[in-house]
$ cat work.csv   # CSV, C-alpha atoms and all ligand atoms
chain,number,residue,atom,x,y,z
A,937,MET,CA,15.9,-19.3,61.9
A,938,ARG,CA,15.9,-18.6,58.1
A,939,ARG,CA,13.2,-20.2,56.0
A,940,PRO,CA,14.6,-21.7,52.7
A,941,GLY,CA,14.0,-19.1,50.0
A,942,ILE,CA,11.9,-20.0,46.9
A,943,SER,CA,15.0,-19.6,44.8
A,944,ASN,CA,16.6,-22.4,46.7
A,945,LEU,CA,13.6,-24.6,46.0
A,946,LEU,CA,13.8,-23.9,42.3
A,947,GLY,CA,17.5,-24.6,42.1
A,948,GLY,CA,18.7,-21.0,41.7
A,949,ARG,CA,16.5,-20.1,38.7
A,950,GLY,CA,13.6,-19.1,40.9
A,951,PRO,CA,14.0,-15.3,40.5
A,952,ALA,CA,14.1,-15.6,36.7
A,953,ILE,CA,11.1,-17.8,36.6
A,954,LEU,CA,9.2,-15.6,39.0
A,955,LEU,CA,10.1,-12.5,37.0
A,956,ALA,CA,8.9,-14.1,33.8
A,957,LEU,CA,5.6,-15.1,35.5
A,958,VAL,CA,5.1,-11.6,36.9
A,959,LEU,CA,5.9,-9.9,33.5
A,960,GLY,CA,3.7,-12.4,31.7
A,961,LEU,CA,0.8,-11.7,34.1
A,962,ALA,CA,1.4,-8.0,34.1
A,963,ALA,CA,1.6,-7.6,30.3
A,964,PRO,CA,-2.0,-7.3,29.3
A,965,PRO,CA,-3.0,-4.4,31.5
A,966,LEU,CA,0.3,-2.6,30.9
A,967,GLY,CA,0.2,-3.1,27.1
A,968,PRO,CA,-0.9,-0.5,24.6
A,969,ALA,CA,-4.6,0.1,24.0
A,970,PRO,CA,-6.2,-2.8,22.0
A,971,PRO,CA,-5.8,-2.3,18.3
A,972,ALA,CA,-8.8,-0.9,16.4
A,973,THR,CA,-11.0,-3.8,15.3
A,974,ALA,CA,-11.8,-4.2,11.7
A,975,GLN,CA,-15.2,-2.6,12.4
A,976,ASP,CA,-13.5,0.7,13.2
A,977,SER,CA,-11.9,1.3,9.9
A,978,SER,CA,-12.9,1.6,6.3
A,979,PRO,CA,-12.6,-1.8,4.5
A,980,VAL,CA,-11.6,0.1,1.3
A,981,ARG,CA,-8.1,1.5,1.6
A,982,ALA,CA,-8.0,5.3,1.2
A,983,ASP,CA,-5.4,5.2,-1.6
A,984,ALA,CA,-5.2,7.6,-4.5
A,985,ALA,CA,-7.7,5.7,-6.6
A,986,SER,CA,-10.3,5.5,-3.8
A,987,LEU,CA,-10.0,9.2,-3.0
A,988,ALA,CA,-10.2,10.1,-6.7
A,989,ARG,CA,-13.4,8.0,-7.1
A,990,GLY,CA,-14.8,9.4,-3.8
A,991,GLN,CA,-14.1,13.0,-5.0
A,992,GLU,CA,-15.9,12.3,-8.3
A,993,ILE,CA,-19.0,10.9,-6.5
A,994,TYR,CA,-18.9,13.7,-4.0
A,995,GLY,CA,-18.9,16.3,-6.7
A,996,GLN,CA,-21.8,14.7,-8.5
A,997,MET,CA,-24.0,13.7,-5.6
A,998,CYS,CA,-23.1,15.4,-2.4
A,999,ALA,CA,-21.6,18.8,-3.1
A,1000,VAL,CA,-25.0,20.3,-4.1
A,1001,CYS,CA,-25.9,20.1,-0.4
A,1002,HIS,CA,-22.6,19.7,1.5
A,1003,GLY,CA,-20.6,22.2,-0.6
A,1004,ILE,CA,-17.5,21.6,-2.7
A,1005,GLN,CA,-15.3,22.1,0.4
A,1006,GLY,CA,-17.6,20.2,2.8
A,1007,ARG,CA,-18.8,23.2,4.6
A,1008,GLY,CA,-22.4,22.4,4.4
A,1009,ASP,CA,-23.0,25.4,2.1
A,1010,GLY,CA,-24.0,23.9,-1.2
A,1011,PRO,CA,-26.5,25.7,-3.4
A,1012,LEU,CA,-29.4,23.5,-2.1
A,1013,ALA,CA,-28.4,23.9,1.5
A,1014,ARG,CA,-29.9,27.4,2.2
A,1015,THR,CA,-33.5,26.3,2.8
A,1016,MET,CA,-32.7,23.2,4.8
A,1017,VAL,CA,-33.4,22.7,8.5
A,1018,PRO,CA,-31.1,21.3,9.8
A,1019,ARG,CA,-28.4,22.5,7.4
A,1020,PRO,CA,-26.2,19.8,5.9
A,1021,ALA,CA,-23.4,18.7,8.1
A,1022,ASP,CA,-20.2,20.8,7.9
A,1023,PHE,CA,-17.7,18.0,7.4
A,1024,ARG,CA,-14.8,20.1,8.6
A,1025,VAL,CA,-16.3,20.0,12.0
A,1026,HIS,CA,-18.0,16.7,11.9
A,1027,MET,CA,-15.1,14.7,10.7
A,1028,ALA,CA,-13.0,16.2,13.5
A,1029,GLU,CA,-15.5,14.9,16.0
A,1030,GLY,CA,-14.3,11.5,15.2
A,1031,HIS,CA,-17.4,9.7,14.0
A,1032,THR,CA,-16.3,6.1,13.2
A,1033,PRO,CA,-16.2,5.2,9.5
A,1034,GLN,CA,-19.0,2.7,10.4
A,1035,GLN,CA,-21.3,5.4,11.5
A,1036,LEU,CA,-20.5,7.5,8.4
A,1037,PHE,CA,-21.3,4.4,6.3
A,1038,GLU,CA,-24.6,3.9,8.0
A,1039,TRP,CA,-25.6,7.6,7.5
A,1040,THR,CA,-24.5,7.5,3.9
A,1041,SER,CA,-26.3,4.2,3.2
A,1042,LEU,CA,-29.6,4.9,5.1
A,1043,GLY,CA,-29.7,8.7,5.3
A,1044,VAL,CA,-30.1,10.8,8.5
A,1045,PRO,CA,-33.7,10.6,9.9
A,1046,GLU,CA,-35.6,13.9,10.2
A,1047,THR,CA,-33.2,15.7,7.8
A,1048,ALA,CA,-32.9,16.1,4.0
A,1049,MET,CA,-30.0,13.6,4.0
A,1050,PRO,CA,-31.0,10.8,1.6
A,1051,GLY,CA,-29.7,7.2,1.8
A,1052,TYR,CA,-27.5,6.0,-1.0
A,1053,ALA,CA,-27.7,2.3,-0.5
A,1054,ALA,CA,-29.6,1.9,-3.7
A,1055,ASP,CA,-27.5,4.3,-5.8
A,1056,LEU,CA,-24.0,3.6,-4.8
A,1057,SER,CA,-22.3,0.2,-4.4
A,1058,ASP,CA,-20.7,-0.6,-1.0
A,1059,ASP,CA,-17.3,0.1,-2.4
A,1060,ASP,CA,-18.4,3.5,-3.8
A,1061,ARG,CA,-19.9,4.4,-0.4
A,1062,TRP,CA,-16.6,3.7,1.2
A,1063,ASN,CA,-14.8,5.6,-1.5
A,1064,VAL,CA,-16.8,8.7,-0.8
A,1065,ILE,CA,-16.4,8.3,3.0
A,1066,ASN,CA,-12.7,8.0,2.5
A,1067,TYR,CA,-12.9,11.3,0.7
A,1068,LEU,CA,-15.2,12.9,3.3
A,1069,GLN,CA,-12.5,12.2,5.9
A,1070,THR,CA,-10.0,14.4,4.0
A,1071,PHE,CA,-12.2,17.4,5.1
A,1072,ALA,CA,-11.1,17.0,8.7
A,1073,PRO,CA,-8.5,19.5,9.7
A,1074,ALA,CA,-5.2,17.7,9.7
A,1075,ALA,CA,-4.6,16.0,13.0
A,1076,GLN,CA,-2.1,18.1,15.0
B,1101,LIG,C1,-30.3,16.9,-0.5
B,1101,LIG,C2,-29.2,17.4,0.3
B,1101,LIG,C3,-28.1,16.4,0.6
B,1101,LIG,C4,-27.4,15.6,-0.2
B,1101,LIG,C5,-27.5,15.5,-1.7
B,1101,LIG,C6,-26.4,14.9,0.6
B,1101,LIG,N1,-26.5,15.2,1.9
B,1101,LIG,FE1,-25.5,14.4,3.5
B,1101,LIG,N2,-26.6,15.5,4.8
B,1101,LIG,C7,-27.6,16.4,4.4
B,1101,LIG,C8,-28.2,16.9,5.6
B,1101,LIG,C9,-29.4,17.9,5.7
B,1101,LIG,C10,-27.6,16.2,6.7
B,1101,LIG,C11,-28.0,16.3,8.2
B,1101,LIG,C12,-27.1,17.2,8.9
B,1101,LIG,C13,-27.1,17.0,10.4
B,1101,LIG,O1,-27.5,15.9,10.8
B,1101,LIG,O2,-26.8,18.0,11.1
B,1101,LIG,C14,-26.6,15.4,6.1
B,1101,LIG,C15,-25.7,14.6,6.9
B,1101,LIG,C16,-24.8,13.7,6.3
B,1101,LIG,C17,-23.9,12.9,7.1
B,1101,LIG,C18,-23.9,12.8,8.6
B,1101,LIG,C19,-22.8,13.7,9.1
B,1101,LIG,C20,-22.7,14.0,10.5
B,1101,LIG,O3,-21.6,14.1,11.0
B,1101,LIG,O4,-23.8,14.2,11.1
B,1101,LIG,C21,-23.1,12.3,6.2
B,1101,LIG,C22,-22.0,11.3,6.5
B,1101,LIG,C23,-23.5,12.7,4.9
B,1101,LIG,N3,-24.5,13.6,5.0
B,1101,LIG,C24,-22.9,12.2,3.8
B,1101,LIG,C25,-23.3,12.5,2.5
B,1101,LIG,C26,-22.8,11.9,1.3
B,1101,LIG,C27,-21.6,11.0,1.2
B,1101,LIG,C28,-23.5,12.4,0.3
B,1101,LIG,C29,-23.4,12.1,-1.2
B,1101,LIG,C30,-23.2,10.7,-1.6
B,1101,LIG,C31,-24.5,13.3,0.8
B,1101,LIG,N4,-24.4,13.3,2.2
B,1101,LIG,C32,-25.5,14.0,0.1
B,1101,LIG,C33,-28.0,16.7,3.1
B,1101,LIG,C34,-27.6,16.1,2.0
$ encode --input "work.csv" --output "structure tokens"
Amino acid sequence: MRRPGISNLLGGRGPAILLALVLGLAAPPLGPAPPATAQDSSPVRADAASLARGQEIYGQMCAVCHGIQGRGDGPLARTMVPRPADFRVHMAEGHTPQQLFEWTSLGVPETAMPGYAADLSDDDRWNVINYLQTFAPAAQ
């Protein structure tokens, strides 16, 4: 003997309701990766003005060690152990902007990298970090 199907109980709309329920429940795990949180990105948009300002700061304060092209080969770099970071490599490694901000603000312990929290405003530290990220080889 046949048991009454659930669609009979729901007056014929059972399948649609069930489908909606299943899709609704399935949606979160099947959805795209969660969007980056605000913490993962620079709060200062990397527009032309920000990059121009970042480049100016970089030329004045960073290139002497990190090199004009970010290779870690500025004139002061020769004697340093460890050598300044090569930004072409380091940016490609995908450090989060938050990490870069912390290093730029506080310096890198046990290295010649000074902290710039006292010399550069928050916005200017973000401007220079936006600029640093242009050293990464273009994403394929
Ligand atoms: C006196 C030399 C010197 C100056 C000036 C300097 N740096 Fe550095 N920087 C270093 C050294 C040395 C390191 C350490 C490299 C390492 O950890 O391998 C470093 C590391 C860093 C790092 C960490 C990179 C990484 O991926 O490990 C960042 C970011 C950075 N510097 C940003 C800057 C910015 C921005 C400026 C200018 C505002 C600046 N630095 C100026 C010497 C310098």
$ closest_residue --input "work.csv" --among "A:Ala999, A:Gln1034, A:Asp1059, A:Gln1005" --to "ligand LIG 1101 (chain B)" --atoms "only C-alpha atoms and all ligand atoms"
A:Ala999
$ closest_atom_pairs --input "work.csv" --of "chain A" --to "ligand LIG 1101 (chain B)" --cutoff "9 Å" --atoms "all atoms listed in the file" --output "CSV"
residue,atom,partner,partner_atom,distance
A:Gly990,CA,B:LIG1101,C27,8.6
A:Ile993,CA,B:LIG1101,C30,6.5
A:Tyr994,CA,B:LIG1101,C29,5.5
A:Gly995,CA,B:LIG1101,C29,8.3
A:Gln996,CA,B:LIG1101,C29,7.9
A:Met997,CA,B:LIG1101,C29,4.7
A:Cys998,CA,B:LIG1101,C29,3.5
A:Ala999,CA,B:LIG1101,C5,6.9
A:Val1000,CA,B:LIG1101,C5,5.9
A:Cys1001,CA,B:LIG1101,C2,4.3
A:His1002,CA,B:LIG1101,N1,6.0
A:Gly1008,CA,B:LIG1101,C7,7.9
A:Gly1010,CA,B:LIG1101,C2,8.5
A:Leu1012,CA,B:LIG1101,C2,6.6
A:Ala1013,CA,B:LIG1101,C2,6.7
A:Met1016,CA,B:LIG1101,C9,6.3
A:Val1017,CA,B:LIG1101,C9,6.8
A:Pro1018,CA,B:LIG1101,O2,5.6
A:Arg1019,CA,B:LIG1101,C9,5.0
A:Pro1020,CA,B:LIG1101,C8,3.5
A:Ala1021,CA,B:LIG1101,C12,4.1
A:Asp1022,CA,B:LIG1101,O3,7.5
A:Phe1023,CA,B:LIG1101,O3,6.6
A:Val1025,CA,B:LIG1101,O3,8.0
A:His1026,CA,B:LIG1101,O3,4.5
A:Met1027,CA,B:LIG1101,O3,6.5
A:Glu1029,CA,B:LIG1101,O3,7.9
A:Gly1030,CA,B:LIG1101,O3,8.8
A:His1031,CA,B:LIG1101,O3,6.8
A:Pro1033,CA,B:LIG1101,C22,8.9
A:Gln1035,CA,B:LIG1101,C22,7.8
A:Leu1036,CA,B:LIG1101,C22,4.5
A:Phe1037,CA,B:LIG1101,C22,6.9
A:Glu1038,CA,B:LIG1101,C22,8.0
A:Trp1039,CA,B:LIG1101,C22,5.3
A:Thr1040,CA,B:LIG1101,C24,5.0
A:Ser1041,CA,B:LIG1101,C27,8.5
A:Gly1043,CA,B:LIG1101,C16,7.1
A:Val1044,CA,B:LIG1101,C11,5.9
A:Pro1045,CA,B:LIG1101,O1,8.2
A:Glu1046,CA,B:LIG1101,C11,8.2
A:Thr1047,CA,B:LIG1101,C9,4.9
A:Ala1048,CA,B:LIG1101,C9,4.3
A:Met1049,CA,B:LIG1101,C7,3.7
A:Pro1050,CA,B:LIG1101,C6,6.2
A:Gly1051,CA,B:LIG1101,C31,8.1
A:Tyr1052,CA,B:LIG1101,C30,6.4
A:Asp1055,CA,B:LIG1101,C30,8.8
A:Leu1056,CA,B:LIG1101,C30,7.8
A:Asp1060,CA,B:LIG1101,C30,8.9
A:Arg1061,CA,B:LIG1101,C27,7.0
A:Trp1062,CA,B:LIG1101,C27,8.8
A:Val1064,CA,B:LIG1101,C27,5.7
A:Ile1065,CA,B:LIG1101,C27,6.1
A:Tyr1067,CA,B:LIG1101,C27,8.7
A:Leu1068,CA,B:LIG1101,C27,7.0
$ atom_distance --input "work.csv" --atom1 "CA of Ala988 in chain A" --atom2 "CA of Asn1066 in chain A"
9.8 Å
$ atom_distance --input "work.csv" --atom1 "CA of Leu1042 in chain A" --atom2 "CA of Ser1057 in chain A"
12.9 Å
$ closest_residue --input "work.csv" --among "A:Ala1053, A:Thr1015, A:Thr1032, A:Asp1009" --to "Ser977 in chain A" --atoms "only C-alpha atoms"
A:Thr1032
$ atom_distance --input "work.csv" --atom1 "CA of Ala982 in chain A" --atom2 "CA of Arg1007 in chain A"
21.2 Å
